[in-house]
Amino acid sequence: VPGAITSIIGSMLLNEIFYVKNIIQPDDVLQELNRLVKLTLRQENDSLSKDGMDIAICKWDKKTNTLLYSGANRPLYIIRYNKLIKYKSTKVSVGGYVQLIQQYVLNTIELRSGDTIVLTTDGYADQFGGKNEKKFTTKALRNLLKEIAHLSLSEQSEIIEQKFNNWKAEFDQTDDV
């Protein structure tokens with residue numbers, strides 16, 4: 001429940017950041033979102049609320065075919081020529097155990113024709129299942145993305161959903177996906 005409330009607050013604050021404050025640079029969006037989440041939830045040093053959220057923000061310039069990406073614990077993957085390229089996130093969340101004014105790394109990526117951009121939640125990697133009741137893991141997700149990179153997006157989507165459902169089987173879904 002605390003994570004869901006943080007997500008709802010985050011969604012409302014993103015509307016304010018984009019449409020009222022007109023902040024659109026991904027790293028600036030994350031910095032302002034972090035500040036507002038911490039202030040809204042009163043996340044001071046002695047606060048009971050320490051929940052944060054992981055998020056990735058992208059901005060695409062169609063004219064230059066450039067992608068600006070910034071992430072709070074959420075990487076960006078690009079599938080290019082059936083190879084997986086990982087762009088690392090800043091290793092902190094938005095809100096929670098983070099300083100009020102937190103800097104987030106901005107990545108500038110020159111896109112190429114045929115690139116596929118992949119953003120995921122931690123819900124895939126953190127899902128319990130399989131024979132040994134373990135997490136699916138980020139490594140398994142990356143391997144799956146590499147394995148299916150040559151397929152159409154609709155086929156990839158089907159396979160990811162099928163793999164996820166087969167993995168979790170009778171287990172409850174752990175998180176959003």
# chains A, B, ... in the order shown; residues from 1 in each chain; ligands from 1
>>> residues_around(residues="Phe136 (chain A)", least_positions_apart="3", cutoff="9 Å", atoms="only C-alpha atoms", output="JSON, numbers by chain")
{"A": [124, 125, 126, 127, 128, 129, 130, 139, 140, 141, 164, 167, 168]}
>>> residues_around(residues="Gly95 (chain A)", least_positions_apart="6", cutoff="10 Å", atoms="only C-alpha atoms", output="ChimeraX atom specification")
/A:6,10,30-31,33-43,49-54,72,102
>>> write_last_selection(atoms="N, CA and C atoms", output="CSV table (one decimal), in the first residue's frame")
chain,number,residue,atom,x,y,z
A,6,THR,N,2.6,6.2,-2.9
A,6,THR,CA,3.7,7.0,-3.4
A,6,THR,C,3.6,7.1,-4.9
A,10,GLY,N,3.2,10.5,-6.9
A,10,GLY,CA,4.2,10.8,-8.0
A,10,GLY,C,3.5,11.1,-9.3
A,30,LEU,N,13.2,14.6,-12.6
A,30,LEU,CA,13.5,13.7,-11.5
A,30,LEU,C,13.9,14.4,-10.2
A,31,GLN,N,14.7,15.4,-10.4
A,31,GLN,CA,15.2,16.2,-9.2
A,31,GLN,C,14.0,16.9,-8.6
A,33,LEU,N,10.7,16.1,-8.9
A,33,LEU,CA,9.8,15.1,-8.4
A,33,LEU,C,10.3,14.6,-7.1
A,34,ASN,N,11.6,14.3,-6.9
A,34,ASN,CA,12.2,13.9,-5.6
A,34,ASN,C,11.9,15.0,-4.6
A,35,ARG,N,12.2,16.2,-4.9
A,35,ARG,CA,11.9,17.3,-3.9
A,35,ARG,C,10.5,17.4,-3.5
A,36,LEU,N,9.6,17.3,-4.4
A,36,LEU,CA,8.1,17.4,-4.1
A,36,LEU,C,7.6,16.2,-3.4
A,37,VAL,N,8.1,15.0,-3.7
A,37,VAL,CA,7.7,13.8,-3.0
A,37,VAL,C,8.1,13.9,-1.6
A,38,LYS,N,9.4,14.2,-1.3
A,38,LYS,CA,9.9,14.3,0.0
A,38,LYS,C,9.1,15.4,0.8
A,39,LEU,N,8.8,16.5,0.2
A,39,LEU,CA,8.0,17.6,0.9
A,39,LEU,C,6.6,17.1,1.2
A,40,THR,N,6.0,16.5,0.1
A,40,THR,CA,4.6,16.1,0.3
A,40,THR,C,4.4,15.1,1.3
A,41,LEU,N,5.3,14.1,1.4
A,41,LEU,CA,5.2,13.0,2.4
A,41,LEU,C,5.9,13.3,3.7
A,42,ARG,N,6.5,14.6,3.7
A,42,ARG,CA,7.2,15.0,4.9
A,42,ARG,C,8.3,14.0,5.3
A,43,GLN,N,9.1,13.7,4.4
A,43,GLN,CA,10.2,12.7,4.6
A,43,GLN,C,11.4,13.4,5.1
A,49,SER,N,7.6,7.8,7.1
A,49,SER,CA,7.4,7.5,5.7
A,49,SER,C,8.8,7.6,5.0
A,50,LYS,N,9.3,6.4,4.6
A,50,LYS,CA,10.6,6.4,3.9
A,50,LYS,C,10.4,5.7,2.5
A,51,ASP,N,9.2,5.6,2.0
A,51,ASP,CA,9.0,5.0,0.7
A,51,ASP,C,9.4,5.9,-0.4
A,52,GLY,N,10.1,5.3,-1.4
A,52,GLY,CA,10.5,6.0,-2.6
A,52,GLY,C,10.0,5.3,-3.8
A,53,MET,N,10.3,5.8,-5.0
A,53,MET,CA,9.9,5.0,-6.2
A,53,MET,C,11.0,5.1,-7.2
A,54,ASP,N,11.0,4.1,-8.0
A,54,ASP,CA,12.0,4.0,-9.1
A,54,ASP,C,11.3,4.4,-10.4
A,72,ALA,N,16.0,6.9,-12.1
A,72,ALA,CA,16.1,6.7,-10.6
A,72,ALA,C,16.0,5.2,-10.4
A,102,GLN,N,18.6,16.1,-4.9
A,102,GLN,CA,19.3,15.0,-5.4
A,102,GLN,C,19.6,15.2,-6.9
>>> atom_distance(atom1="CA of Thr121 (chain A)", atom2="CA of Val177 (chain A)")
5.7 Å
>>> closest_residue(among="A:Ser89, A:Gln162, A:Thr138, A:Thr64", to="Leu111 (chain A)", atoms="only C-alpha atoms")
A:Thr64
>>> residues_around(residues="Val105 (chain A)", least_positions_apart="5", cutoff="8 Å", atoms="only C-alpha atoms", output="ChimeraX atom specification")
/A:27,70-71,89-90
>>> atom_distance(atom1="CA of Cys58 (chain A)", atom2="CA of Glu158 (chain A)")
24.2 Å
>>> select_by_dssp(residues="region 21-165 of chain A", states="helix (DSSP H, G or I)", output="ChimeraX atom specification")
/A:26-40,138-147,153-165
>>> residues_around(residues="Ile109 (chain A)", least_positions_apart="3", cutoff="9 Å", atoms="only C-alpha atoms", output="ChimeraX atom specification")
/A:65-69
>>> closest_residue(among="A:Glu170, A:Ile79, A:Asp175, A:Asp115", to="Asn143 (chain A)", atoms="only C-alpha atoms")
A:Ile79
>>> closest_residue(among="A:Glu32, A:Glu155, A:Asp61, A:Glu133", to="Ile101 (chain A)", atoms="only C-alpha atoms")
A:Glu32
>>> atom_distance(atom1="CA of Ala169 (chain A)", atom2="CA of Thr137 (chain A)")
15.8 Å
>>> closest_residue(among="A:Ile57, A:His150, A:Glu44, A:Val94", to="Ile9 (chain A)", atoms="only C-alpha atoms")
A:Val94
>>> select_by_dssp(residues="region 12-89 of chain A", states="strand (DSSP E)", output="PyMOL selection string")
chain A and resi 52-53+55-61+66-72+76-80+83-87
>>> closest_residue(among="A:Arg112, A:Lys62, A:Leu145, A:Val118", to="Tyr87 (chain A)", atoms="only C-alpha atoms")
A:Val118
